[in-house]
Amino acid sequence: MTKTRNLAIFQIILIIFPLVLAQVSYSDKIEIQNQIITIKNSINNNDLDSIFSIISPNARPELRAEIENNIAGQTIKFDQSVSSYEDLGNNQVKVNGVYSAEGAGWNVNGMPNYFIFEKIGDSWLLVDTDFHQKLGSEYVFEFVGKIILIVFIVLLVLGAFWLWMLIDAINRQFENKTVWIIVIVLTGFLGAILYFFIVRRKLKKQEKEKEYQNQQQNVQYKSW
């Protein structure tokens with residue numbers, strides 16, 4: 001019993017101890033935050049050299065070109081906030097954030113992005129990020145298009161469900177039929193949901209019970 005308890009305690013320590021070690025220190029957070037401010041000011045001032053100066057030599061080779069292709073020549077009003085820090089190990093920290101941006105003919109607000117920094121010497125340098133991929137009209141229109149598509153699909157499903165319940169109510173014979181048809185028509189999807197759970201499920205249960213009784217009667221009849 002004691003051995004089992006000690007083993008359980010040891011396992012808990014193994015789980016908790018790395019989490020404690022993985023916490024990003026306050027001083028590191030401040031330094032990383034300063035680097036993010038550098039990126040923010042660089043975007044607002046269209047000064048890519050300031051961003052390039054904090055890119056780690058271990059970053060993806062194409063990262064610099066990607067940032068330049070997405071931001072160069074654009075006038076962007078950019079604001080960035082940090083929501084969390086995640087220690088990735090190997091002196092790397094992932095910063096999850098939320099940004100707002102505005103450019104010519106487009107703007108976004110409250111969108112998520114991330115930055116990965118690594119500590120080399122006394123400096124935190126940028127290893128990877130997706131902020132540059134989310135700045136520009138192309139991304140905004142693509143994102144809005146996806147939202148519109150999702151909304152359209154949801155509305156299509158809800159409309160089909162509403163029509164299904166309306167037809168179901170019309171074709172069935174039950175008490176207060178006219179009232180329920182009016183409810184479905186006037187309250188839309190909400191009325192369809194109420195009908196489904198309050199009326200249709202009850203009627204389906206009654207139909208199954210009646211079908212079962214008929215089967216039992218048929219069995220008894222054949223046995224005679």
# chains A, B, ... in the order shown; residues from 1 in each chain; ligands from 1
call {"tool": "residues_around", "arguments": {"residues": "stretch 123-130 of chain A", "least_positions_apart": "4", "cutoff": "6 Å", "atoms": "only C-alpha atoms", "output": "list of chain:residue names"}}
result
A:Ile54, A:Ile55, A:Ser56, A:Ala59, A:Tyr114, A:Phe115, A:Ile116, A:Phe117, A:Glu118, A:Lys119
call {"tool": "select_by_dssp", "arguments": {"residues": "chain A", "states": "strand (DSSP E)", "output": "PyMOL selection string"}}
result
chain A and resi 77-89+92-103+106-120+123-129
call {"tool": "residues_around", "arguments": {"residues": "A:Leu135", "least_positions_apart": "2", "cutoff": "8 Å", "atoms": "only C-alpha atoms", "output": "ChimeraX atom specification"}}
result
/A:70-71,101,131-133,137,139-140
call {"tool": "write_last_selection", "arguments": {"atoms": "N, CA and C atoms", "output": "PDB file, in the first residue's frame"}}
result
ATOM      1  N   ASN A  70       4.725  40.090 -48.143  1.00  0.00           N
ATOM      2  CA  ASN A  70       3.388  40.354 -47.632  1.00  0.00           C
ATOM      3  C   ASN A  70       3.201  41.774 -47.118  1.00  0.00           C
ATOM      4  N   ILE A  71       4.298  42.429 -46.689  1.00  0.00           N
ATOM      5  CA  ILE A  71       4.151  43.717 -46.013  1.00  0.00           C
ATOM      6  C   ILE A  71       4.758  44.875 -46.792  1.00  0.00           C
ATOM      7  N   ALA A 101      -5.781  45.105 -37.374  1.00  0.00           N
ATOM      8  CA  ALA A 101      -5.020  45.755 -38.439  1.00  0.00           C
ATOM      9  C   ALA A 101      -5.973  46.403 -39.431  1.00  0.00           C
ATOM     10  N   PHE A 131       2.069  36.242 -38.410  1.00  0.00           N
ATOM     11  CA  PHE A 131       1.443  37.558 -38.448  1.00  0.00           C
ATOM     12  C   PHE A 131       1.428  38.129 -39.870  1.00  0.00           C
ATOM     13  N   HIS A 132       2.505  37.883 -40.618  1.00  0.00           N
ATOM     14  CA  HIS A 132       2.612  38.464 -41.955  1.00  0.00           C
ATOM     15  C   HIS A 132       1.622  37.835 -42.936  1.00  0.00           C
ATOM     16  N   GLN A 133       1.236  36.586 -42.662  1.00  0.00           N
ATOM     17  CA  GLN A 133       0.302  35.900 -43.548  1.00  0.00           C
ATOM     18  C   GLN A 133      -1.125  36.416 -43.380  1.00  0.00           C
ATOM     19  N   SER A 137      -5.461  42.417 -47.838  1.00  0.00           N
ATOM     20  CA  SER A 137      -6.839  42.227 -48.298  1.00  0.00           C
ATOM     21  C   SER A 137      -7.107  40.787 -48.726  1.00  0.00           C
ATOM     22  N   TYR A 139      -5.972  37.910 -47.500  1.00  0.00           N
ATOM     23  CA  TYR A 139      -6.312  37.055 -46.359  1.00  0.00           C
ATOM     24  C   TYR A 139      -7.671  37.427 -45.794  1.00  0.00           C
ATOM     25  N   VAL A 140      -7.944  38.737 -45.657  1.00  0.00           N
ATOM     26  CA  VAL A 140      -9.208  39.192 -45.079  1.00  0.00           C
ATOM     27  C   VAL A 140     -10.389  38.702 -45.901  1.00  0.00           C
TER      28      VAL A 140
END
call {"tool": "decode", "arguments": {"residues": "stretch 75-150 of chain A", "atoms": "C-alpha atoms", "output": "PDB file, in the first residue's frame"}}
result
ATOM      1  CA  THR A  75       0.447  51.246 -45.355  1.00  0.00           C
ATOM      2  CA  ILE A  76      -0.853  49.284 -42.367  1.00  0.00           C
ATOM      3  CA  LYS A  77      -2.143  50.366 -38.995  1.00  0.00           C
ATOM      4  CA  PHE A  78      -1.300  47.460 -36.708  1.00  0.00           C
ATOM      5  CA  ASP A  79      -1.886  46.692 -33.034  1.00  0.00           C
ATOM      6  CA  GLN A  80      -0.845  43.542 -31.192  1.00  0.00           C
ATOM      7  CA  SER A  81      -1.674  42.124 -27.767  1.00  0.00           C
ATOM      8  CA  VAL A  82      -0.374  38.997 -26.013  1.00  0.00           C
ATOM      9  CA  SER A  83      -2.719  36.395 -24.550  1.00  0.00           C
ATOM     10  CA  SER A  84      -0.318  33.645 -23.437  1.00  0.00           C
ATOM     11  CA  TYR A  85       3.270  32.406 -23.336  1.00  0.00           C
ATOM     12  CA  GLU A  86       4.102  28.757 -23.954  1.00  0.00           C
ATOM     13  CA  ASP A  87       7.533  27.332 -23.182  1.00  0.00           C
ATOM     14  CA  LEU A  88       8.483  24.970 -26.024  1.00  0.00           C
ATOM     15  CA  GLY A  89      11.781  23.912 -24.521  1.00  0.00           C
ATOM     16  CA  ASN A  90      15.201  24.355 -26.152  1.00  0.00           C
ATOM     17  CA  ASN A  91      15.101  28.060 -25.164  1.00  0.00           C
ATOM     18  CA  GLN A  92      12.048  28.638 -27.340  1.00  0.00           C
ATOM     19  CA  VAL A  93       8.805  30.342 -26.356  1.00  0.00           C
ATOM     20  CA  LYS A  94       5.576  30.506 -28.338  1.00  0.00           C
ATOM     21  CA  VAL A  95       3.571  33.684 -27.869  1.00  0.00           C
ATOM     22  CA  ASN A  96      -0.109  33.487 -28.699  1.00  0.00           C
ATOM     23  CA  GLY A  97      -1.723  36.825 -29.338  1.00  0.00           C
ATOM     24  CA  VAL A  98      -4.583  38.785 -30.802  1.00  0.00           C
ATOM     25  CA  TYR A  99      -4.158  41.559 -33.329  1.00  0.00           C
ATOM     26  CA  SER A 100      -6.103  44.231 -35.152  1.00  0.00           C
ATOM     27  CA  ALA A 101      -5.020  45.755 -38.439  1.00  0.00           C
ATOM     28  CA  GLU A 102      -6.254  48.150 -41.060  1.00  0.00           C
ATOM     29  CA  GLY A 103      -5.099  48.753 -44.600  1.00  0.00           C
ATOM     30  CA  ALA A 104      -6.373  50.090 -47.881  1.00  0.00           C
ATOM     31  CA  GLY A 105      -9.890  48.664 -48.282  1.00  0.00           C
ATOM     32  CA  TRP A 106      -9.668  46.105 -45.490  1.00  0.00           C
ATOM     33  CA  ASN A 107      -9.536  45.755 -41.703  1.00  0.00           C
ATOM     34  CA  VAL A 108      -9.610  42.968 -39.146  1.00  0.00           C
ATOM     35  CA  ASN A 109     -10.058  42.975 -35.391  1.00  0.00           C
ATOM     36  CA  GLY A 110      -9.584  40.389 -32.649  1.00  0.00           C
ATOM     37  CA  MET A 111      -7.809  37.868 -34.870  1.00  0.00           C
ATOM     38  CA  PRO A 112      -5.390  35.278 -33.405  1.00  0.00           C
ATOM     39  CA  ASN A 113      -1.738  34.966 -34.399  1.00  0.00           C
ATOM     40  CA  TYR A 114       1.489  33.635 -32.929  1.00  0.00           C
ATOM     41  CA  PHE A 115       5.208  34.314 -32.607  1.00  0.00           C
ATOM     42  CA  ILE A 116       7.948  31.847 -31.720  1.00  0.00           C
ATOM     43  CA  PHE A 117      11.088  33.310 -30.161  1.00  0.00           C
ATOM     44  CA  GLU A 118      14.308  31.617 -29.112  1.00  0.00           C
ATOM     45  CA  LYS A 119      16.926  32.905 -26.734  1.00  0.00           C
ATOM     46  CA  ILE A 120      20.391  33.257 -28.219  1.00  0.00           C
ATOM     47  CA  GLY A 121      22.824  34.765 -25.771  1.00  0.00           C
ATOM     48  CA  ASP A 122      20.924  37.544 -24.026  1.00  0.00           C
ATOM     49  CA  SER A 123      18.469  38.208 -26.860  1.00  0.00           C
ATOM     50  CA  TRP A 124      15.125  36.756 -27.817  1.00  0.00           C
ATOM     51  CA  LEU A 125      15.000  36.380 -31.604  1.00  0.00           C
ATOM     52  CA  LEU A 126      12.108  35.535 -33.911  1.00  0.00           C
ATOM     53  CA  VAL A 127      12.085  31.951 -35.202  1.00  0.00           C
ATOM     54  CA  ASP A 128       8.641  31.683 -36.746  1.00  0.00           C
ATOM     55  CA  THR A 129       5.341  33.569 -36.945  1.00  0.00           C
ATOM     56  CA  ASP A 130       2.163  33.844 -38.967  1.00  0.00           C
ATOM     57  CA  PHE A 131       1.443  37.558 -38.448  1.00  0.00           C
ATOM     58  CA  HIS A 132       2.612  38.464 -41.955  1.00  0.00           C
ATOM     59  CA  GLN A 133       0.302  35.900 -43.548  1.00  0.00           C
ATOM     60  CA  LYS A 134      -2.727  37.594 -41.972  1.00  0.00           C
ATOM     61  CA  LEU A 135      -2.006  41.142 -43.102  1.00  0.00           C
ATOM     62  CA  GLY A 136      -3.593  42.155 -46.371  1.00  0.00           C
ATOM     63  CA  SER A 137      -6.839  42.227 -48.298  1.00  0.00           C
ATOM     64  CA  GLU A 138      -6.295  38.748 -49.767  1.00  0.00           C
ATOM     65  CA  TYR A 139      -6.312  37.055 -46.359  1.00  0.00           C
ATOM     66  CA  VAL A 140      -9.208  39.192 -45.079  1.00  0.00           C
ATOM     67  CA  PHE A 141     -11.409  38.450 -48.089  1.00  0.00           C
ATOM     68  CA  GLU A 142     -10.523  34.755 -47.925  1.00  0.00           C
ATOM     69  CA  PHE A 143     -11.337  34.648 -44.210  1.00  0.00           C
ATOM     70  CA  VAL A 144     -14.615  36.542 -44.662  1.00  0.00           C
ATOM     71  CA  GLY A 145     -15.479  34.231 -47.546  1.00  0.00           C
ATOM     72  CA  LYS A 146     -15.038  31.190 -45.293  1.00  0.00           C
ATOM     73  CA  ILE A 147     -17.230  32.767 -42.624  1.00  0.00           C
ATOM     74  CA  ILE A 148     -19.937  33.521 -45.178  1.00  0.00           C
ATOM     75  CA  LEU A 149     -19.744  29.953 -46.496  1.00  0.00           C
ATOM     76  CA  ILE A 150     -20.075  28.505 -42.982  1.00  0.00           C
TER      77      ILE A 150
END
